[in-house]
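A.B. asks: This is start16.cif, which holds mmCIF, C-alpha atoms:
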```cif
data_model
loop_
_atom_site.label_atom_id
_atom_site.label_comp_id
_atom_site.auth_asym_id
_atom_site.auth_seq_id
_atom_site.Cartn_x
_atom_site.Cartn_y
_atom_site.Cartn_z
CA MET A 11 -49.52 26.69 -55.81
CA ASP A 12 -48.81 29.32 -53.16
CA ASP A 13 -51.18 29.73 -50.17
CA MET A 14 -53.94 27.63 -51.75
CA GLY A 15 -56.12 26.09 -49.06
CA TYR A 16 -57.42 22.54 -48.78
CA GLY A 17 -60.87 23.73 -49.87
CA ASP A 18 -59.96 26.06 -52.77
CA LEU A 19 -60.58 23.51 -55.55
CA GLN A 20 -63.95 22.26 -56.75
CA CYS A 21 -62.77 18.67 -56.41
CA TYR A 22 -62.15 19.41 -52.70
CA GLY A 23 -65.56 21.03 -52.19
CA GLN A 24 -65.06 24.64 -53.39
CA GLN A 25 -68.35 26.18 -54.56
CA LYS A 26 -67.39 29.74 -55.56
CA ILE A 27 -64.24 29.24 -57.67
CA GLU A 28 -64.19 27.29 -60.93
CA THR A 29 -61.23 24.92 -61.42
CA PRO A 30 -62.24 22.52 -64.24
CA ASN A 31 -58.73 21.73 -65.48
CA ILE A 32 -57.23 20.92 -62.09
CA ASP A 33 -60.37 18.91 -61.31
CA ARG A 34 -59.74 16.98 -64.52
CA LEU A 35 -56.34 15.95 -63.16
CA SER A 36 -58.24 14.47 -60.24
CA GLU A 37 -60.64 12.71 -62.62
CA THR A 38 -57.71 11.17 -64.52
CA GLY A 39 -55.69 10.33 -61.42
CA MET A 40 -55.66 10.11 -57.64
CA ARG A 41 -56.83 12.65 -55.06
CA PHE A 42 -55.13 12.65 -51.67
CA THR A 43 -57.24 13.60 -48.64
CA GLN A 44 -54.51 13.49 -45.96
CA HIS A 45 -51.51 15.12 -47.61
CA TYR A 46 -49.35 17.55 -45.64
CA THR A 47 -46.91 20.31 -46.45
CA GLY A 48 -43.57 20.36 -44.67
CA SER A 49 -44.24 23.71 -42.96
CA PRO A 50 -47.05 26.27 -42.71
CA VAL A 51 -45.02 28.99 -44.47
CA SER A 52 -43.31 29.23 -47.82
CA ALA A 53 -39.51 28.95 -47.67
CA PRO A 54 -39.28 26.10 -45.13
CA ALA A 55 -42.11 24.25 -46.88
CA ARG A 56 -40.24 24.52 -50.19
CA CYS A 57 -37.03 23.39 -48.52
CA VAL A 58 -38.77 20.25 -47.23
CA LEU A 59 -40.20 19.59 -50.70
CA MET A 60 -36.86 20.22 -52.38
CA THR A 61 -34.74 18.07 -50.03
CA GLY A 62 -37.10 15.40 -48.71
CA LEU A 63 -35.94 16.19 -45.17
CA HIS A 64 -38.41 17.03 -42.42
CA SER A 65 -38.27 20.44 -40.77
CA GLY A 66 -36.10 19.20 -37.91
CA HIS A 67 -33.35 18.42 -40.39
CA THR A 68 -33.73 21.01 -43.15
CA GLN A 69 -31.45 24.04 -43.42
CA ILE A 70 -34.28 26.55 -43.84
CA ARG A 71 -36.84 26.80 -41.05
CA ALA A 72 -38.34 30.25 -41.56
CA ASN A 73 -38.86 32.96 -44.15
CA ASP A 74 -35.42 34.34 -43.31
CA GLU A 75 -34.79 37.61 -45.16
CA MET A 76 -31.29 38.01 -43.63
CA PRO A 77 -31.93 41.63 -42.49
CA GLU A 78 -28.28 42.00 -41.48
CA ARG A 79 -27.60 42.68 -45.19
CA GLY A 80 -29.27 46.10 -45.04
CA ALA A 81 -32.52 47.53 -46.44
CA VAL A 82 -33.94 44.15 -47.45
CA ASN A 83 -37.55 45.35 -47.23
CA SER A 84 -37.06 48.34 -49.52
CA HIS A 85 -38.16 47.53 -53.07
CA ASP A 86 -36.31 50.61 -54.36
CA SER A 87 -33.10 49.36 -52.72
CA MET A 88 -33.58 45.81 -54.02
CA TYR A 89 -34.03 47.20 -57.52
CA VAL A 90 -30.63 48.90 -57.34
CA HIS A 91 -28.85 46.23 -55.26
CA PRO A 92 -29.61 42.61 -56.26
CA GLU A 93 -27.67 41.40 -53.24
CA LEU A 94 -30.56 42.62 -51.04
CA GLU A 95 -32.99 40.25 -52.73
CA GLY A 96 -33.80 36.71 -51.69
CA GLN A 97 -33.90 34.51 -48.64
CA PHE A 98 -31.46 32.38 -46.64
CA PRO A 99 -29.69 30.04 -49.13
CA LEU A 100 -29.40 26.30 -49.40
CA LYS A 101 -25.82 25.16 -48.87
CA ALA A 102 -23.61 24.22 -51.81
CA GLY A 103 -24.09 20.63 -52.93
CA THR A 104 -27.42 20.10 -51.17
CA MET A 105 -29.14 16.99 -52.50
CA THR A 106 -32.34 18.40 -53.98
CA ILE A 107 -34.95 16.66 -56.08
CA GLY A 108 -33.61 18.69 -59.01
CA ARG A 109 -30.08 17.37 -58.52
CA MET A 110 -31.39 13.84 -58.08
CA MET A 111 -33.26 14.08 -61.38
CA GLN A 112 -30.19 15.51 -63.11
CA GLN A 113 -28.18 12.51 -61.91
CA ALA A 114 -30.89 10.22 -63.33
CA GLY A 115 -30.46 11.82 -66.76
CA TYR A 116 -33.31 14.34 -66.77
CA LYS A 117 -33.19 17.89 -68.08
CA THR A 118 -34.44 20.03 -65.19
CA GLY A 119 -36.26 23.36 -65.08
CA CYS A 120 -37.94 25.47 -62.41
CA PHE A 121 -40.41 28.23 -63.27
CA GLY A 122 -42.13 30.55 -60.81
CA LYS A 123 -41.01 31.46 -57.30
CA TRP A 124 -37.78 30.26 -55.67
CA GLY A 125 -37.11 31.71 -52.19
CA LEU A 126 -34.27 29.28 -51.34
CA GLY A 127 -31.22 31.44 -51.93
CA ASN A 128 -30.44 35.05 -52.78
CA PRO A 129 -28.77 36.12 -56.06
CA GLY A 130 -25.05 35.41 -56.04
CA SER A 131 -25.33 32.72 -53.36
CA GLU A 132 -24.92 28.95 -53.63
CA GLY A 133 -28.67 28.63 -53.13
CA VAL A 134 -29.82 29.85 -56.56
CA PRO A 135 -31.70 27.28 -58.69
CA THR A 136 -28.91 26.80 -61.26
CA LYS A 137 -26.57 25.73 -58.45
CA GLN A 138 -29.16 23.49 -56.79
CA GLY A 139 -30.03 21.02 -59.52
CA PHE A 140 -31.85 23.03 -62.17
CA ASP A 141 -30.53 23.53 -65.67
CA GLU A 142 -32.96 26.37 -66.28
CA PHE A 143 -34.84 28.83 -64.09
CA PHE A 144 -37.21 31.66 -64.88
CA GLY A 145 -39.22 33.65 -62.36
CA TYR A 146 -38.86 35.39 -59.00
CA ASN A 147 -35.74 34.66 -56.99
CA CYS A 148 -37.12 36.56 -53.98
CA GLN A 149 -40.39 35.91 -52.18
CA ARG A 150 -40.82 39.61 -51.39
CA GLN A 151 -40.60 40.53 -55.07
CA ALA A 152 -43.41 38.03 -55.65
CA HIS A 153 -45.73 40.13 -53.49
CA THR A 154 -46.58 42.01 -56.69
CA TYR A 155 -47.54 40.39 -59.99
CA TYR A 156 -46.24 43.42 -61.88
CA PRO A 157 -42.58 43.35 -60.80
CA PRO A 158 -39.88 45.48 -62.47
CA PHE A 159 -37.83 42.35 -63.24
CA LEU A 160 -37.66 38.57 -63.11
CA TRP A 161 -34.65 36.24 -63.24
CA LYS A 162 -33.58 34.00 -66.10
CA ASN A 163 -31.01 31.66 -64.62
CA GLU A 164 -28.59 34.10 -62.91
CA LYS A 165 -29.43 37.19 -64.94
CA ARG A 166 -32.07 39.81 -64.30
CA ILE A 167 -34.62 40.30 -67.06
CA TYR A 168 -36.16 43.77 -66.78
CA LEU A 169 -39.87 44.18 -67.50
CA ASP A 170 -41.91 47.17 -68.60
CA ASN A 171 -43.17 47.76 -65.06
CA LYS A 172 -42.32 50.43 -62.49
CA VAL A 173 -41.13 49.70 -58.97
CA LEU A 174 -44.18 49.73 -56.70
CA ASP A 175 -43.74 48.62 -53.11
CA PRO A 176 -46.78 46.38 -52.48
CA HIS A 177 -46.71 47.24 -48.78
CA LEU A 178 -46.42 51.02 -49.13
CA THR A 179 -48.41 51.84 -52.28
CA LYS A 180 -51.80 52.98 -51.00
CA LEU A 181 -54.80 54.63 -52.63
CA ASP A 182 -54.20 58.25 -53.52
CA GLU A 183 -55.43 60.73 -50.96
CA GLY A 184 -59.05 61.62 -51.66
CA ALA A 185 -59.52 58.73 -54.13
CA ASP A 186 -62.96 57.15 -54.25
CA PRO A 187 -62.52 53.52 -53.08
CA TYR A 188 -65.62 52.50 -55.09
CA ASP A 189 -64.24 53.87 -58.37
CA GLU A 190 -62.27 51.34 -60.45
CA ALA A 191 -60.12 54.19 -61.78
CA SER A 192 -58.68 54.67 -58.27
CA TYR A 193 -56.91 51.31 -58.63
CA ALA A 194 -55.48 51.84 -62.12
CA LYS A 195 -51.88 52.25 -60.93
CA TYR A 196 -51.84 48.70 -59.56
CA THR A 197 -52.16 47.22 -63.06
CA GLN A 198 -49.05 47.68 -65.20
CA GLN A 199 -47.80 46.31 -68.51
CA VAL A 200 -46.46 42.80 -67.82
CA TYR A 201 -48.30 40.32 -65.60
CA ALA A 202 -45.42 38.14 -64.40
CA ASN A 203 -47.25 34.85 -64.74
CA ASP A 204 -47.58 35.34 -68.51
CA PRO A 205 -43.82 35.32 -69.34
CA ILE A 206 -43.24 32.61 -66.71
CA PHE A 207 -45.72 30.36 -68.49
CA SER A 208 -44.23 31.20 -71.88
CA GLU A 209 -40.76 30.15 -70.68
CA LEU A 210 -42.24 26.96 -69.24
CA GLN A 211 -43.86 26.08 -72.57
CA GLN A 212 -40.58 26.75 -74.37
CA PHE A 213 -38.76 24.42 -71.97
CA ILE A 214 -41.17 21.59 -72.80
CA ASN A 215 -40.95 22.18 -76.54
CA GLN A 216 -37.15 22.21 -76.44
CA ASN A 217 -36.88 19.05 -74.34
CA ARG A 218 -39.70 16.91 -75.72
CA GLU A 219 -37.22 14.39 -77.17
CA GLN A 220 -35.56 13.65 -73.82
CA PRO A 221 -36.64 13.03 -70.22
CA PHE A 222 -37.36 16.26 -68.38
CA PHE A 223 -38.34 17.27 -64.87
CA LEU A 224 -40.28 20.50 -64.55
CA MET A 225 -41.16 22.30 -61.31
CA TRP A 226 -43.84 24.95 -61.78
CA THR A 227 -43.80 26.95 -58.55
CA THR A 228 -46.44 29.55 -59.34
CA PRO A 229 -46.82 32.40 -56.82
CA LEU A 230 -50.62 32.25 -57.31
CA PRO A 231 -52.85 32.91 -55.39
CA HIS A 232 -50.57 34.59 -52.81
CA VAL A 233 -51.52 38.24 -52.22
CA SER A 234 -51.30 41.00 -53.48
CA LEU A 235 -54.68 40.50 -55.15
CA GLN A 236 -53.95 41.03 -58.85
CA ALA A 237 -55.37 39.15 -61.84
CA PRO A 238 -56.02 39.68 -65.56
CA GLU A 239 -59.02 41.95 -66.10
CA ARG A 240 -61.01 39.42 -68.14
CA TRP A 241 -61.02 36.95 -65.25
CA VAL A 242 -61.86 39.59 -62.65
CA LYS A 243 -64.74 40.79 -64.83
CA TYR A 244 -65.94 37.20 -65.18
CA TYR A 245 -66.34 36.84 -61.42
CA VAL A 246 -67.77 40.33 -60.92
CA ASP A 247 -70.43 39.51 -63.53
CA LYS A 248 -71.02 36.16 -61.84
CA SER A 249 -71.12 37.25 -58.19
CA GLY A 250 -72.00 40.95 -58.34
CA ASP A 251 -70.59 44.04 -56.67
CA GLU A 252 -68.68 43.86 -53.39
CA GLU A 253 -66.89 46.03 -50.86
CA PRO A 254 -63.37 47.10 -51.90
CA TYR A 255 -60.19 46.23 -50.03
CA THR A 256 -58.34 49.46 -49.25
CA GLY A 257 -55.07 48.05 -47.93
CA THR A 258 -55.86 47.85 -44.21
CA LYS A 259 -54.31 44.38 -43.83
CA GLY A 260 -51.17 44.90 -45.87
CA TYR A 261 -50.36 44.48 -49.56
CA MET A 262 -51.99 46.40 -52.42
CA PRO A 263 -55.59 47.64 -52.39
CA CYS A 264 -58.08 45.92 -54.68
CA ARG A 265 -61.50 47.07 -55.93
CA TYR A 266 -62.99 43.55 -56.11
CA PRO A 267 -61.12 41.33 -53.62
CA HIS A 268 -63.38 38.25 -53.80
CA ALA A 269 -63.58 38.33 -57.59
CA THR A 270 -59.82 38.85 -57.88
CA TYR A 271 -58.88 35.97 -55.57
CA ALA A 272 -61.16 33.66 -57.57
CA ALA A 273 -59.74 35.08 -60.80
CA MET A 274 -56.16 34.30 -59.75
CA ILE A 275 -57.00 30.65 -59.19
CA SER A 276 -59.07 30.31 -62.37
CA TYR A 277 -56.32 32.00 -64.39
CA PHE A 278 -53.84 29.39 -63.17
CA ASP A 279 -56.38 26.62 -63.75
CA GLU A 280 -56.68 27.81 -67.35
CA GLN A 281 -52.90 27.55 -67.71
CA VAL A 282 -52.96 24.01 -66.30
CA GLY A 283 -55.36 23.13 -69.12
CA LYS A 284 -52.95 24.64 -71.65
CA LEU A 285 -50.08 22.65 -70.14
CA VAL A 286 -51.99 19.38 -70.54
CA ASP A 287 -52.86 20.34 -74.13
CA LEU A 288 -49.16 21.01 -74.83
CA LEU A 289 -48.18 17.61 -73.43
CA LYS A 290 -50.80 15.97 -75.64
CA LYS A 291 -49.67 17.93 -78.70
CA ASN A 292 -46.09 16.75 -78.18
CA GLY A 293 -47.14 13.14 -77.60
CA LEU A 294 -45.94 13.27 -73.98
CA TYR A 295 -49.17 13.20 -72.02
CA GLU A 296 -49.39 9.46 -71.34
CA ASN A 297 -45.72 9.31 -70.39
CA THR A 298 -45.82 12.20 -67.94
CA VAL A 299 -46.58 12.16 -64.22
CA VAL A 300 -48.32 15.38 -63.12
CA VAL A 301 -48.26 16.22 -59.39
CA PHE A 302 -50.31 19.10 -58.05
CA THR A 303 -50.16 20.57 -54.52
CA SER A 304 -49.81 23.78 -52.45
CA ASP A 305 -47.06 25.03 -50.16
CA ASN A 306 -49.29 25.72 -47.15
CA GLY A 307 -52.83 26.60 -46.10
CA PRO A 308 -54.81 29.75 -46.95
CA THR A 309 -53.73 33.19 -45.83
CA PHE A 310 -55.44 35.82 -43.66
CA ASN A 311 -54.13 39.14 -44.99
CA GLY A 312 -53.88 41.35 -48.05
CA GLY A 313 -57.62 41.50 -48.66
CA SER A 314 -58.05 37.74 -48.96
CA ASP A 315 -61.15 36.35 -47.29
CA SER A 316 -60.48 32.67 -46.67
CA PRO A 317 -63.56 32.10 -44.45
CA TRP A 318 -65.86 33.56 -47.17
CA PHE A 319 -64.49 31.06 -49.68
CA ASN A 320 -64.25 28.28 -47.10
CA SER A 321 -60.66 27.97 -48.31
CA GLY A 322 -59.78 25.69 -45.41
CA GLY A 323 -62.39 23.18 -46.53
CA LEU A 324 -62.88 20.85 -43.57
CA PHE A 325 -60.89 23.20 -41.35
CA LYS A 326 -61.00 26.76 -40.06
CA SER A 327 -59.07 29.32 -42.06
CA GLU A 328 -59.30 32.44 -39.90
CA TYR A 329 -56.10 33.98 -38.53
CA GLY A 330 -54.57 31.44 -36.18
CA TRP A 331 -55.95 28.44 -38.06
CA GLY A 332 -54.52 28.58 -41.61
CA LYS A 333 -51.19 29.75 -43.01
CA CYS A 334 -48.42 30.28 -40.43
CA PHE A 335 -50.05 27.93 -37.92
CA LEU A 336 -49.71 24.20 -37.25
CA HIS A 337 -53.42 23.44 -37.22
CA GLU A 338 -54.77 21.22 -39.99
CA GLY A 339 -55.86 24.30 -41.94
CA GLY A 340 -52.24 25.48 -42.08
CA ILE A 341 -50.58 22.24 -43.10
CA ARG A 342 -53.09 19.92 -44.79
CA VAL A 343 -53.06 20.78 -48.48
CA PRO A 344 -54.62 19.44 -51.68
CA ALA A 345 -52.59 16.88 -53.61
CA ILE A 346 -53.40 15.23 -56.92
CA VAL A 347 -51.26 12.84 -58.95
CA SER A 348 -52.23 12.06 -62.54
CA TRP A 349 -50.62 9.53 -64.89
CA PRO A 350 -53.08 8.18 -67.46
CA GLY A 351 -52.97 4.40 -67.84
CA GLN A 352 -50.82 3.97 -64.74
CA ILE A 353 -52.85 5.56 -61.93
CA LYS A 354 -56.48 4.55 -61.63
CA ALA A 355 -58.78 7.34 -62.79
CA SER A 356 -60.95 9.13 -60.20
CA SER A 357 -59.28 7.24 -57.37
CA GLU A 358 -58.88 8.58 -53.85
CA THR A 359 -56.63 7.74 -50.94
CA ASP A 360 -56.55 8.71 -47.26
CA HIS A 361 -52.90 7.62 -47.08
CA ILE A 362 -51.09 10.02 -44.75
CA CYS A 363 -48.16 11.54 -46.61
CA SER A 364 -46.19 14.77 -46.83
CA PHE A 365 -43.73 16.80 -48.86
#
```
Starting from the file, lay out its structure as structure tokens.
C.D. replies:
Amino acid sequence: MDDMGYGDLQCYGQQKIETPNIDRLSETGMRFTQHYTGSPVSAPARCVLMTGLHSGHTQIRANDEMPERGAVNSHDSMYVHPELEGQFPLKAGTMTIGRMMQQAGYKTGCFGKWGLGNPGSEGVPTKQGFDEFFGYNCQRQAHTYYPPFLWKNEKRIYLDNKVLDPHLTKLDEGADPYDEASYAKYTQQVYANDPIFSELQQFINQNREQPFFLMWTTPLPHVSLQAPERWVKYYVDKSGDEEPYTGTKGYMPCRYPHATYAAMISYFDEQVGKLVDLLKKNGLYENTVVVFTSDNGPTFNGGSDSPWFNSGGLFKSEYGWGKCFLHEGGIRVPAIVSWPGQIKASSETDHICSF
């Protein structure tokens, strides 16, 4: 997951967000209590995970947008010019976990967010060990869950969504921040995580007769705060009304920020349950290792409220203590490994390990 804190799961002590399917992975496998990401921010953390090298040796050590290319922060410009998308690329021939699995005879797929090489570069997934990719190439595009396009391998797939810059699209002047209708423009036709999950399911169905390696790099629950209405309503009904987030700390405004953050996690948890069901349906469940983790600690912006959720768990999660910082709250992340019949159920380890 993306920006999920050490305390955001029920099996790690969360009391306000329901995560029964991810918790079930813990019940059928091993929960790690001292597992660390490779970096407190996204791209370098993913580079450590992808290469197995620590951050002193990896090629990517920051969320490098390569601003020398031009208007890299303009979503209108990125829509017209794909070469403005993406982050600093992995070098050609980098030994990634995807390439290693390919060499071992596995069909490989990555679904979700990439952030390790801009379109047209040597760093795109299909040149770094993945036979198939579907999702966001660019981290900045993933700041909205209603993007105008996603990528299938090296081709853009356009969606029925308009270009909305998540950092510039504010409430209309004079809009009532307590009226749900004021936030209507932030919900469009295609919620990106739906087609990403559909492509992921298709990959499993197509490769069920051969070994496959699947990386599901969901952008959830990274802000902007956007989730399917049924899940937001569930948490509003459960927890009651709350103060709106009007965009004062970046990203898109949100009428029910607490309910929406919880909804994003529970939505993904629901999909994890569907994934396990699909593995069982295809007779693959007991021959599949499932590894769950997060790229770094909880965030501090975009209307998220990590202290309210106690997202850091044992650790502080205010600005300066979670994401972007090298305190425990920024780098210690949940990790669960499930393999029925091979890993002892409901086991726990304090083994110190990392990406």
A.B. asks: For atom CA of A:Arg34 and atom CA of A:Ser348, determine how far apart the two atoms are, in Å to one decimal place.
C.D. replies: 9.2 Å
A.B. asks: Mind listing as an mmCIF file with C-alpha atoms, in the coordinates of the input all residues within 7 Å of (-33.9, 27.9, -48.3), counting all atoms listed in the file?
C.D. replies:
```
data_model
loop_
_atom_site.group_PDB
_atom_site.id
_atom_site.type_symbol
_atom_site.label_atom_id
_atom_site.label_comp_id
_atom_site.auth_asym_id
_atom_site.auth_seq_id
_atom_site.Cartn_x
_atom_site.Cartn_y
_atom_site.Cartn_z
ATOM 1 C CA ALA A 53 -39.510 28.950 -47.670
ATOM 2 C CA PRO A 54 -39.280 26.100 -45.130
ATOM 3 C CA CYS A 57 -37.030 23.390 -48.520
ATOM 4 C CA GLN A 69 -31.450 24.040 -43.420
ATOM 5 C CA ILE A 70 -34.280 26.550 -43.840
ATOM 6 C CA GLN A 97 -33.900 34.510 -48.640
ATOM 7 C CA PHE A 98 -31.460 32.380 -46.640
ATOM 8 C CA PRO A 99 -29.690 30.040 -49.130
ATOM 9 C CA LEU A 100 -29.400 26.300 -49.400
ATOM 10 C CA GLY A 125 -37.110 31.710 -52.190
ATOM 11 C CA LEU A 126 -34.270 29.280 -51.340
ATOM 12 C CA GLY A 127 -31.220 31.440 -51.930
#
```
A.B. asks: With distances taken over only C-alpha atoms, which residue among A:Trp161, A:Phe302, A:Phe144, A:Tyr245 lies nearest A:Leu210?
C.D. replies: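 Using only C-alpha atoms, A:Leu210 sits closest to A:Phe144.
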A.B. asks: If the PyMOL selection byres ((chain A and resi 110-112) around 12) is run on the structure shown, which residues does it catch, given as a ChimeraX atom specification?
C.D. replies: /A:60-62,103-109,113-119,136-142,221-225
A.B. asks: Quick one: which stretch 118-172 of chain A residues come within 7 Å of stretch 204-208 of chain A, and what is the nearest atom pair for each with the distance in Å to one decimal, counting all atoms listed in the file, rows ordered by chain and ascending number, as a tab-separated table?
C.D. replies:
```
residue	atom	partner	partner_atom	distance
A:Phe121	CA	A:Ile206	CA	6.2
A:Gly122	CA	A:Ile206	CA	6.3
A:Phe144	CA	A:Ile206	CA	6.4
A:Gly145	CA	A:Ile206	CA	6.0
```
A.B. asks: Pull the neighbourhood of (-53.4, 11.8, -41.9) for me: all residues within 12 Å in file coordinates, counting all atoms listed in the file, as number ranges by chain.
C.D. replies: A: 42-47, 338, 341-343, 359-364
A.B. asks: What does the PyMOL selection byres ((chain A and resi 150) around 9) select in this file, as a list in words?
C.D. replies: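 Here the PyMOL selection byres ((chain A and resi 150) around 9) matches Glu75, Asn83, His85, Glu95, Gly96, Gly125, Tyr146, Cys148, Gln149, Gln151, Ala152, His153 and Thr154 of chain A.
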A.B. asks: Of the candidates A:Gly313, A:Pro344, A:Pro254, A:Gly307, which shows the shortest atom-to-atom distance to A:Gly332, using all atoms listed in the file?
C.D. replies: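 Comparing A:Gly313, A:Pro344, A:Pro254, A:Gly307 against A:Gly332, the winner is A:Gly307.
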A.B. asks: So for stretch 195-198 of chain A, what box centre and size do we get, axis-aligned, 4 Å extra on each of the six sides, every listed atom, Å to one decimal, as AutoDock Vina command-line options?
C.D. replies:
```
--center_x -50.6 --center_y 49.7 --center_z -62.4 --size_x 11.1 --size_y 13.0 --size_z 13.6
```
A.B. asks: Exactly which residues make up the result of the PyMOL selection byres ((chain A and resi 79) around 12) on this file, given as a PDB file with C-alpha atoms, in the coordinates of the input?
C.D. replies:
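Contents of out00.pdb, as written:
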```
ATOM      1  CA  ASP A  74     -35.420  34.340 -43.310  1.00  0.00           C
ATOM      2  CA  GLU A  75     -34.790  37.610 -45.160  1.00  0.00           C
ATOM      3  CA  MET A  76     -31.290  38.010 -43.630  1.00  0.00           C
ATOM      4  CA  PRO A  77     -31.930  41.630 -42.490  1.00  0.00           C
ATOM      5  CA  GLU A  78     -28.280  42.000 -41.480  1.00  0.00           C
ATOM      6  CA  GLY A  80     -29.270  46.100 -45.040  1.00  0.00           C
ATOM      7  CA  ALA A  81     -32.520  47.530 -46.440  1.00  0.00           C
ATOM      8  CA  VAL A  82     -33.940  44.150 -47.450  1.00  0.00           C
ATOM      9  CA  ASN A  83     -37.550  45.350 -47.230  1.00  0.00           C
ATOM     10  CA  SER A  84     -37.060  48.340 -49.520  1.00  0.00           C
ATOM     11  CA  SER A  87     -33.100  49.360 -52.720  1.00  0.00           C
ATOM     12  CA  MET A  88     -33.580  45.810 -54.020  1.00  0.00           C
ATOM     13  CA  HIS A  91     -28.850  46.230 -55.260  1.00  0.00           C
ATOM     14  CA  PRO A  92     -29.610  42.610 -56.260  1.00  0.00           C
ATOM     15  CA  GLU A  93     -27.670  41.400 -53.240  1.00  0.00           C
ATOM     16  CA  LEU A  94     -30.560  42.620 -51.040  1.00  0.00           C
ATOM     17  CA  GLU A  95     -32.990  40.250 -52.730  1.00  0.00           C
ATOM     18  CA  GLY A  96     -33.800  36.710 -51.690  1.00  0.00           C
ATOM     19  CA  GLN A  97     -33.900  34.510 -48.640  1.00  0.00           C
ATOM     20  CA  PHE A  98     -31.460  32.380 -46.640  1.00  0.00           C
ATOM     21  CA  ASN A 128     -30.440  35.050 -52.780  1.00  0.00           C
TER      22      ASN A 128
END
```
A.B. asks: How far is it from atom CA of A:Gly15 to atom CA of A:Ser304, in Å with one decimal?
C.D. replies: 7.5 Å
A.B. asks: Taking into account all atoms listed in the file, which residue in the set A:Gln216, A:Ser314, A:Thr303, A:Ser49 is nearest to A:Tyr261?
C.D. replies: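 Of A:Gln216, A:Ser314, A:Thr303, A:Ser49, the one nearest A:Tyr261 is A:Ser314, counting all atoms listed in the file.
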A.B. asks: What is the distance between atom CA of A:Val301 and atom CA of A:Leu230, in Å to one decimal?
C.D. replies: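 Taking atom CA of A:Val301 as the start and atom CA of A:Leu230 as the end point, the length is 16.3 Å.
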A.B. asks: Determine the nearest neighbour of A:Pro135 from the options A:Tyr156, A:Asn163, A:His177, A:Ala55, counting all atoms listed in the file.
C.D. replies: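 Nearest to A:Pro135: A:Asn163.
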A.B. asks: Find the residue from A:Glu296, A:Glu328, A:Asp86, A:Asp189 that sits nearest to A:Val173; use only C-alpha atoms when measuring.
C.D. replies: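 Residue with the minimum atom-to-atom distance to A:Val173: A:Asp86.
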A.B. asks: With a distance cut-off of 10 Å and all atoms listed in the file, select the neighbouring residues of stretch 180-184 of chain A, excluding the residue or stretch itself and same-chain residues fewer than 3 positions from it, and output the selection as an NGL selection string.
C.D. replies: :A and (175-177 or 187 or 192-196 or 256-258 or 260-264)
A.B. asks: From the set A:Asn203, A:Phe310, A:Val286, A:Tyr89, which residue has the shortest atom-to-atom contact distance to A:Tyr168, counting only C-alpha atoms?
C.D. replies: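 Checking each candidate against A:Tyr168, we get A:Tyr89 as the closest.
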A.B. asks: Please provide as number ranges by chain all residues within 9 Å of A:Leu324, with the sequence filter that same-chain residues fewer than 3 positions apart are discarded (counting all atoms listed in the file).
C.D. replies: A: 16-17, 320-321, 338-339
A.B. asks: Report as a PDB file with C-alpha atoms, keeping the file's coordinate frame all protein, DNA and RNA residues lying within 6 Å of A:Tyr155, evaluated on only C-alpha atoms, omitting residues in the same chain fewer than 2 positions from it.
C.D. replies:
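To be explicit, this is the file written out as around.pdb:
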```pdb
ATOM      1  CA  PRO A 157     -42.580  43.350 -60.800  1.00  0.00           C
ATOM      2  CA  TYR A 201     -48.300  40.320 -65.600  1.00  0.00           C
ATOM      3  CA  ALA A 202     -45.420  38.140 -64.400  1.00  0.00           C
TER       4      ALA A 202
END
```
A.B. asks: Could you add whatever atoms are missing so that stretch 170-176 of chain A carries N, CA, C and O atoms, then write the result as a compact mmCIF listing (two decimals), in the frame of the given file?
C.D. replies:
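Writing done, so here's selection.txt:
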```txt
# COMPACT_ATOMS: atom_id res chain seq x y z
N ASP A 170 -41.36 45.83 -68.40
CA ASP A 170 -41.91 47.17 -68.60
C ASP A 170 -42.89 47.52 -67.48
O ASP A 170 -44.06 47.82 -67.70
N ASN A 171 -42.39 47.41 -66.25
CA ASN A 171 -43.17 47.76 -65.06
C ASN A 171 -42.34 48.67 -64.16
O ASN A 171 -41.11 48.53 -64.10
N LYS A 172 -42.99 49.57 -63.46
CA LYS A 172 -42.32 50.43 -62.49
C LYS A 172 -42.17 49.71 -61.15
O LYS A 172 -42.88 48.75 -60.86
N VAL A 173 -41.27 50.20 -60.33
CA VAL A 173 -41.13 49.70 -58.97
C VAL A 173 -42.28 50.25 -58.13
O VAL A 173 -42.41 51.46 -57.96
N LEU A 174 -43.13 49.35 -57.64
CA LEU A 174 -44.18 49.73 -56.70
C LEU A 174 -44.07 48.82 -55.48
O LEU A 174 -44.16 47.60 -55.61
N ASP A 175 -43.83 49.41 -54.34
CA ASP A 175 -43.74 48.62 -53.11
C ASP A 175 -45.15 48.16 -52.73
O ASP A 175 -46.01 48.99 -52.42
N PRO A 176 -45.42 46.85 -52.74
CA PRO A 176 -46.78 46.38 -52.48
C PRO A 176 -47.26 46.65 -51.06
O PRO A 176 -48.46 46.59 -50.79
```
